[in-house]
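**Student:** Just model_37.txt, nothing more (compact mmCIF, N, CA and C atoms):
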# COMPACT_ATOMS: atom_id res chain seq x y z
N SER A 25 -306.66 -13.28 -82.28
CA SER A 25 -307.22 -12.14 -81.56
C SER A 25 -307.49 -12.53 -80.11
N HIS A 26 -307.25 -11.60 -79.23
CA HIS A 26 -307.45 -11.84 -77.80
C HIS A 26 -308.73 -11.15 -77.32
N ALA A 27 -309.74 -11.07 -78.18
CA ALA A 27 -310.98 -10.38 -77.81
C ALA A 27 -311.72 -11.12 -76.71
N ASP A 28 -311.63 -12.40 -76.67
CA ASP A 28 -312.35 -13.20 -75.68
C ASP A 28 -311.34 -13.71 -74.66
N TRP A 29 -311.12 -12.93 -73.60
CA TRP A 29 -310.08 -13.25 -72.64
C TRP A 29 -310.60 -13.14 -71.22
N GLY A 30 -309.84 -13.71 -70.30
CA GLY A 30 -310.19 -13.62 -68.89
C GLY A 30 -308.95 -13.53 -68.03
N LEU A 31 -309.11 -13.00 -66.83
CA LEU A 31 -307.99 -12.91 -65.90
C LEU A 31 -307.51 -14.31 -65.57
N HIS A 32 -306.22 -14.53 -65.70
CA HIS A 32 -305.65 -15.86 -65.51
C HIS A 32 -304.93 -15.97 -64.17
N ALA A 33 -304.05 -15.04 -63.89
CA ALA A 33 -303.22 -15.09 -62.68
C ALA A 33 -302.50 -13.76 -62.55
N ARG A 34 -301.58 -13.72 -61.65
CA ARG A 34 -300.69 -12.56 -61.52
C ARG A 34 -299.27 -13.05 -61.74
N GLY A 35 -298.50 -12.24 -62.46
CA GLY A 35 -297.10 -12.57 -62.68
C GLY A 35 -296.30 -12.35 -61.41
N VAL A 36 -295.04 -12.73 -61.43
CA VAL A 36 -294.19 -12.55 -60.26
C VAL A 36 -294.01 -11.07 -59.92
N ASP A 37 -294.21 -10.20 -60.91
CA ASP A 37 -294.11 -8.76 -60.68
C ASP A 37 -295.42 -8.16 -60.17
N GLY A 38 -296.44 -9.01 -60.01
CA GLY A 38 -297.74 -8.53 -59.54
C GLY A 38 -298.66 -8.05 -60.64
N ARG A 39 -298.16 -8.00 -61.86
CA ARG A 39 -298.95 -7.54 -63.00
C ARG A 39 -299.96 -8.61 -63.39
N PRO A 40 -301.23 -8.23 -63.64
CA PRO A 40 -302.24 -9.23 -64.03
C PRO A 40 -301.86 -9.93 -65.33
N LYS A 41 -302.11 -11.23 -65.38
CA LYS A 41 -301.91 -12.01 -66.61
C LYS A 41 -303.28 -12.47 -67.08
N TYR A 42 -303.47 -12.46 -68.37
CA TYR A 42 -304.74 -12.85 -68.97
C TYR A 42 -304.52 -14.06 -69.86
N ARG A 43 -305.61 -14.80 -70.11
CA ARG A 43 -305.54 -15.95 -71.00
C ARG A 43 -306.63 -15.80 -72.05
N CYS A 44 -306.23 -15.98 -73.31
CA CYS A 44 -307.18 -15.97 -74.42
C CYS A 44 -307.98 -17.27 -74.36
N ARG A 45 -309.29 -17.15 -74.38
CA ARG A 45 -310.14 -18.34 -74.31
C ARG A 45 -310.20 -19.09 -75.64
N ARG A 46 -309.76 -18.44 -76.70
CA ARG A 46 -309.77 -19.10 -78.02
C ARG A 46 -308.50 -19.90 -78.27
N CYS A 47 -307.34 -19.27 -78.03
CA CYS A 47 -306.08 -19.95 -78.36
C CYS A 47 -305.30 -20.42 -77.13
N GLY A 48 -305.67 -19.97 -75.95
CA GLY A 48 -305.00 -20.40 -74.73
C GLY A 48 -303.74 -19.63 -74.38
N ARG A 49 -303.35 -18.66 -75.20
CA ARG A 49 -302.14 -17.89 -74.92
C ARG A 49 -302.36 -16.95 -73.73
N THR A 50 -301.29 -16.76 -72.97
CA THR A 50 -301.36 -15.79 -71.88
C THR A 50 -300.64 -14.51 -72.30
N PHE A 51 -301.07 -13.40 -71.72
CA PHE A 51 -300.49 -12.10 -72.04
C PHE A 51 -300.76 -11.15 -70.88
N ASN A 52 -300.05 -10.02 -70.89
CA ASN A 52 -300.31 -8.98 -69.89
C ASN A 52 -300.44 -7.64 -70.58
N ASP A 53 -300.56 -6.57 -69.81
CA ASP A 53 -300.79 -5.26 -70.39
C ASP A 53 -299.58 -4.71 -71.15
N LEU A 54 -298.42 -5.32 -71.03
CA LEU A 54 -297.23 -4.87 -71.74
C LEU A 54 -296.93 -5.69 -72.99
N THR A 55 -297.64 -6.80 -73.18
CA THR A 55 -297.42 -7.67 -74.33
C THR A 55 -297.61 -6.86 -75.62
N GLY A 56 -296.67 -7.02 -76.53
CA GLY A 56 -296.75 -6.33 -77.81
C GLY A 56 -296.22 -4.90 -77.77
N THR A 57 -295.64 -4.49 -76.65
CA THR A 57 -295.07 -3.15 -76.55
C THR A 57 -293.56 -3.25 -76.43
N VAL A 58 -292.91 -2.12 -76.49
CA VAL A 58 -291.46 -2.06 -76.33
C VAL A 58 -291.04 -2.53 -74.94
N PHE A 59 -291.96 -2.48 -73.98
CA PHE A 59 -291.66 -2.84 -72.60
C PHE A 59 -291.82 -4.34 -72.32
N ALA A 60 -292.36 -5.09 -73.26
CA ALA A 60 -292.61 -6.52 -73.05
C ALA A 60 -291.31 -7.27 -72.77
N ARG A 61 -291.40 -8.26 -71.91
CA ARG A 61 -290.28 -9.15 -71.56
C ARG A 61 -289.09 -8.42 -70.93
N SER A 62 -289.32 -7.24 -70.41
CA SER A 62 -288.26 -6.50 -69.73
C SER A 62 -288.43 -6.67 -68.23
N HIS A 63 -287.34 -6.89 -67.56
CA HIS A 63 -287.39 -7.00 -66.11
C HIS A 63 -287.10 -5.66 -65.44
N LEU A 64 -286.88 -4.64 -66.26
CA LEU A 64 -286.60 -3.32 -65.71
C LEU A 64 -287.89 -2.64 -65.26
N ASN A 65 -287.78 -1.87 -64.21
CA ASN A 65 -288.89 -1.06 -63.73
C ASN A 65 -289.30 -0.08 -64.83
N LEU A 66 -290.59 0.13 -65.00
CA LEU A 66 -291.06 1.06 -66.03
C LEU A 66 -290.53 2.47 -65.80
N GLY A 67 -290.26 2.82 -64.56
CA GLY A 67 -289.70 4.13 -64.25
C GLY A 67 -288.36 4.35 -64.94
N ILE A 68 -287.55 3.30 -65.04
CA ILE A 68 -286.26 3.40 -65.72
C ILE A 68 -286.48 3.64 -67.21
N TRP A 69 -287.44 2.93 -67.79
CA TRP A 69 -287.77 3.13 -69.21
C TRP A 69 -288.16 4.59 -69.47
N PHE A 70 -289.03 5.13 -68.62
CA PHE A 70 -289.51 6.49 -68.85
C PHE A 70 -288.45 7.53 -68.54
N GLU A 71 -287.59 7.27 -67.57
CA GLU A 71 -286.47 8.18 -67.30
C GLU A 71 -285.52 8.20 -68.49
N CYS A 72 -285.28 7.04 -69.09
CA CYS A 72 -284.44 6.96 -70.28
C CYS A 72 -285.09 7.70 -71.44
N ALA A 73 -286.38 7.50 -71.63
CA ALA A 73 -287.10 8.20 -72.71
C ALA A 73 -287.01 9.71 -72.52
N ARG A 74 -287.19 10.16 -71.29
CA ARG A 74 -287.11 11.60 -70.98
C ARG A 74 -285.72 12.13 -71.33
N ALA A 75 -284.69 11.40 -70.94
CA ALA A 75 -283.31 11.82 -71.22
C ALA A 75 -283.05 11.88 -72.72
N LEU A 76 -283.54 10.89 -73.46
CA LEU A 76 -283.32 10.87 -74.91
C LEU A 76 -284.09 11.98 -75.61
N LYS A 77 -285.26 12.34 -75.08
CA LYS A 77 -286.04 13.43 -75.68
C LYS A 77 -285.34 14.77 -75.49
N GLN A 78 -284.51 14.88 -74.44
CA GLN A 78 -283.80 16.13 -74.17
C GLN A 78 -282.59 16.32 -75.09
N GLY A 79 -282.15 15.26 -75.72
CA GLY A 79 -281.02 15.36 -76.64
C GLY A 79 -280.24 14.06 -76.67
N PRO A 80 -279.32 13.94 -77.62
CA PRO A 80 -278.53 12.71 -77.76
C PRO A 80 -277.74 12.40 -76.49
N LYS A 81 -277.69 11.13 -76.15
CA LYS A 81 -276.94 10.67 -74.98
C LYS A 81 -276.14 9.44 -75.38
N THR A 82 -274.93 9.35 -74.86
CA THR A 82 -274.14 8.13 -75.07
C THR A 82 -274.66 7.06 -74.12
N CYS A 83 -274.29 5.83 -74.41
CA CYS A 83 -274.69 4.72 -73.53
C CYS A 83 -274.06 4.87 -72.15
N VAL A 84 -272.85 5.40 -72.09
CA VAL A 84 -272.19 5.61 -70.80
C VAL A 84 -272.95 6.66 -70.00
N GLN A 85 -273.37 7.74 -70.65
CA GLN A 85 -274.15 8.77 -69.95
C GLN A 85 -275.46 8.19 -69.41
N LEU A 86 -276.15 7.42 -70.24
CA LEU A 86 -277.41 6.80 -69.81
C LEU A 86 -277.18 5.81 -68.68
N SER A 87 -276.10 5.06 -68.78
CA SER A 87 -275.78 4.08 -67.74
C SER A 87 -275.62 4.76 -66.38
N ARG A 88 -274.90 5.85 -66.36
CA ARG A 88 -274.69 6.58 -65.11
C ARG A 88 -275.99 7.20 -64.61
N LEU A 89 -276.74 7.80 -65.51
CA LEU A 89 -277.99 8.45 -65.14
C LEU A 89 -279.01 7.47 -64.56
N LEU A 90 -279.10 6.29 -65.19
CA LEU A 90 -280.13 5.32 -64.82
C LEU A 90 -279.66 4.30 -63.79
N GLY A 91 -278.36 4.21 -63.58
CA GLY A 91 -277.83 3.22 -62.64
C GLY A 91 -277.92 1.80 -63.17
N VAL A 92 -277.69 1.66 -64.48
CA VAL A 92 -277.72 0.34 -65.11
C VAL A 92 -276.39 0.10 -65.83
N LYS A 93 -276.16 -1.13 -66.26
CA LYS A 93 -274.95 -1.45 -67.01
C LYS A 93 -275.00 -0.77 -68.37
N VAL A 94 -273.83 -0.56 -68.95
CA VAL A 94 -273.74 0.08 -70.27
C VAL A 94 -274.50 -0.74 -71.31
N ALA A 95 -274.40 -2.06 -71.25
CA ALA A 95 -275.11 -2.91 -72.21
C ALA A 95 -276.62 -2.74 -72.07
N THR A 96 -277.11 -2.59 -70.84
CA THR A 96 -278.54 -2.37 -70.62
C THR A 96 -278.95 -1.02 -71.19
N ALA A 97 -278.12 -0.01 -70.97
CA ALA A 97 -278.40 1.32 -71.51
C ALA A 97 -278.45 1.27 -73.03
N TRP A 98 -277.56 0.49 -73.64
CA TRP A 98 -277.54 0.36 -75.10
C TRP A 98 -278.86 -0.25 -75.59
N ARG A 99 -279.32 -1.33 -74.90
CA ARG A 99 -280.57 -1.98 -75.30
C ARG A 99 -281.76 -1.04 -75.12
N LEU A 100 -281.79 -0.31 -74.02
CA LEU A 100 -282.87 0.65 -73.79
C LEU A 100 -282.89 1.71 -74.88
N ARG A 101 -281.73 2.29 -75.15
CA ARG A 101 -281.64 3.35 -76.16
C ARG A 101 -282.08 2.84 -77.53
N LYS A 102 -281.63 1.66 -77.89
CA LYS A 102 -282.00 1.08 -79.19
C LYS A 102 -283.51 0.86 -79.28
N ALA A 103 -284.07 0.24 -78.24
CA ALA A 103 -285.51 -0.05 -78.24
C ALA A 103 -286.34 1.24 -78.26
N LEU A 104 -285.92 2.23 -77.48
CA LEU A 104 -286.69 3.47 -77.42
C LEU A 104 -286.58 4.28 -78.71
N ARG A 105 -285.42 4.28 -79.33
CA ARG A 105 -285.29 4.98 -80.61
C ARG A 105 -286.26 4.40 -81.64
N GLN A 106 -286.38 3.07 -81.65
CA GLN A 106 -287.33 2.44 -82.58
C GLN A 106 -288.76 2.78 -82.18
N ALA A 107 -289.04 2.79 -80.88
CA ALA A 107 -290.39 3.07 -80.40
C ALA A 107 -290.79 4.51 -80.69
N PHE A 108 -289.84 5.44 -80.65
CA PHE A 108 -290.16 6.84 -80.94
C PHE A 108 -290.71 6.99 -82.35
N CYS A 109 -290.33 6.09 -83.24
CA CYS A 109 -290.79 6.15 -84.64
C CYS A 109 -292.12 5.44 -84.85
N ASP A 110 -292.62 4.76 -83.83
CA ASP A 110 -293.88 4.02 -83.93
C ASP A 110 -295.05 4.98 -83.70
N PRO A 111 -295.88 5.20 -84.73
CA PRO A 111 -296.98 6.16 -84.59
C PRO A 111 -297.95 5.82 -83.46
N SER A 112 -298.10 4.54 -83.15
CA SER A 112 -299.05 4.15 -82.10
C SER A 112 -298.54 4.54 -80.71
N LEU A 113 -297.23 4.74 -80.58
CA LEU A 113 -296.65 5.14 -79.29
C LEU A 113 -296.28 6.62 -79.25
N GLY A 114 -296.46 7.30 -80.36
CA GLY A 114 -296.05 8.70 -80.46
C GLY A 114 -296.60 9.57 -79.35
N ARG A 115 -297.90 9.47 -79.08
CA ARG A 115 -298.53 10.32 -78.06
C ARG A 115 -297.96 10.04 -76.67
N LEU A 116 -297.72 8.78 -76.38
CA LEU A 116 -297.16 8.41 -75.08
C LEU A 116 -295.82 9.09 -74.87
N PHE A 117 -294.95 9.03 -75.86
CA PHE A 117 -293.63 9.60 -75.70
C PHE A 117 -293.62 11.12 -75.82
N GLU A 118 -294.63 11.71 -76.46
CA GLU A 118 -294.74 13.17 -76.46
C GLU A 118 -295.00 13.67 -75.05
N GLU A 119 -295.78 12.91 -74.28
CA GLU A 119 -296.12 13.31 -72.92
C GLU A 119 -294.96 13.11 -71.96
N VAL A 120 -293.99 12.28 -72.31
CA VAL A 120 -292.83 12.02 -71.45
C VAL A 120 -291.95 13.25 -71.36
N GLY A 121 -291.72 13.90 -72.51
CA GLY A 121 -290.79 15.01 -72.59
C GLY A 121 -291.11 16.12 -71.67
Render the structure in this file as structure tokens.

**Tutor:**
Amino acid sequence: SHADWGLHARGVDGRPKYRCRRCGRTFNDLTGTVFARSHLNLGIWFECARALKQGPKTCVQLSRLLGVKVATAWRLRKALRQAFCDPSLGRLFEEVG
């Protein structure tokens, strides 16, 4: 559990990093989410989510819309489809549409 934590540093992206005082692990506000370990701007994630909520899209369509490689579009689509089924993220993605 990371209940006992403190500000540790800032990541290269400027996002605050925290350190658990019990186990020493570091984490940020995206740790444990679909967005964790992604170097993509969150705006791209939400634009992709918005597009997927409007209806099915091919990876090529998403690639053109988002300005990313087809392989990146495939990873985004796969991750977001799984996240849409996660009840803890349901409200977040309802607001995207």

**Student:** To one decimal place, how far is atom C of Lys81 in chain A from atom C of Asp53 in chain A in Å?

**Tutor:**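 Between atom C of Lys81 in chain A and atom C of Asp53 in chain A the gap works out to 27.7 Å.
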
**Student:** Nearest to Asp37 in chain A among A:Gln78, A:Ser62, A:Thr96, A:Ser87, with distances taken over only C-alpha atoms: which residue is it?

**Tutor:**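 Residue with the minimum atom-to-atom distance to Asp37 in chain A: A:Ser62.
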
**Student:** Provide an axis-aligned box for all listed atoms of range 64-76 of chain A, padding each side by 5 Å; report its centre and its edge lengths in Å to one decimal, as JSON.

**Tutor:**
{"center_x": -287.1, "center_y": 3.7, "center_z": -69.7, "size_x": 18.0, "size_y": 26.8, "size_z": 21.9}

**Student:** When DSSP works through the backbone of this structure, what residues of chain A end up as strand (DSSP E), shown as a list in words?

**Tutor:**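 In chain A, DSSP puts these residues in strand (DSSP E): Trp29, Gly30, Leu31, His32, Ala33, Arg34, Pro40, Lys41, Tyr42, Arg43, Cys44, Thr50 and Phe51 of chain A.
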
**Student:** Atom N of Gly67 in chain A to atom N of Arg49 in chain A: how many Å, to one decimal?

**Tutor:**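 Taking atom N of Gly67 in chain A as the start and atom N of Arg49 in chain A as the end point, the length is 27.3 Å.
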
**Student:** CA of Gly38 in chain A and CA of Asn52 in chain A, how far apart in Å?

**Tutor:** 10.7 Å

**Student:** As a VMD selection string, please: the residues near Trp98 in chain A (cut-off 8 Å, all atoms listed in the file, same-chain neighbours under 4 positions excluded).

**Tutor:** chain A and resid 82 to 84 86 to 87 92 to 94 102 to 104

**Student:** Pick out the closest residue to Ile68 in chain A from this set: A:Gly56, A:Arg34, A:Leu90, A:Arg39. Count all atoms listed in the file.

**Tutor:** A:Leu90
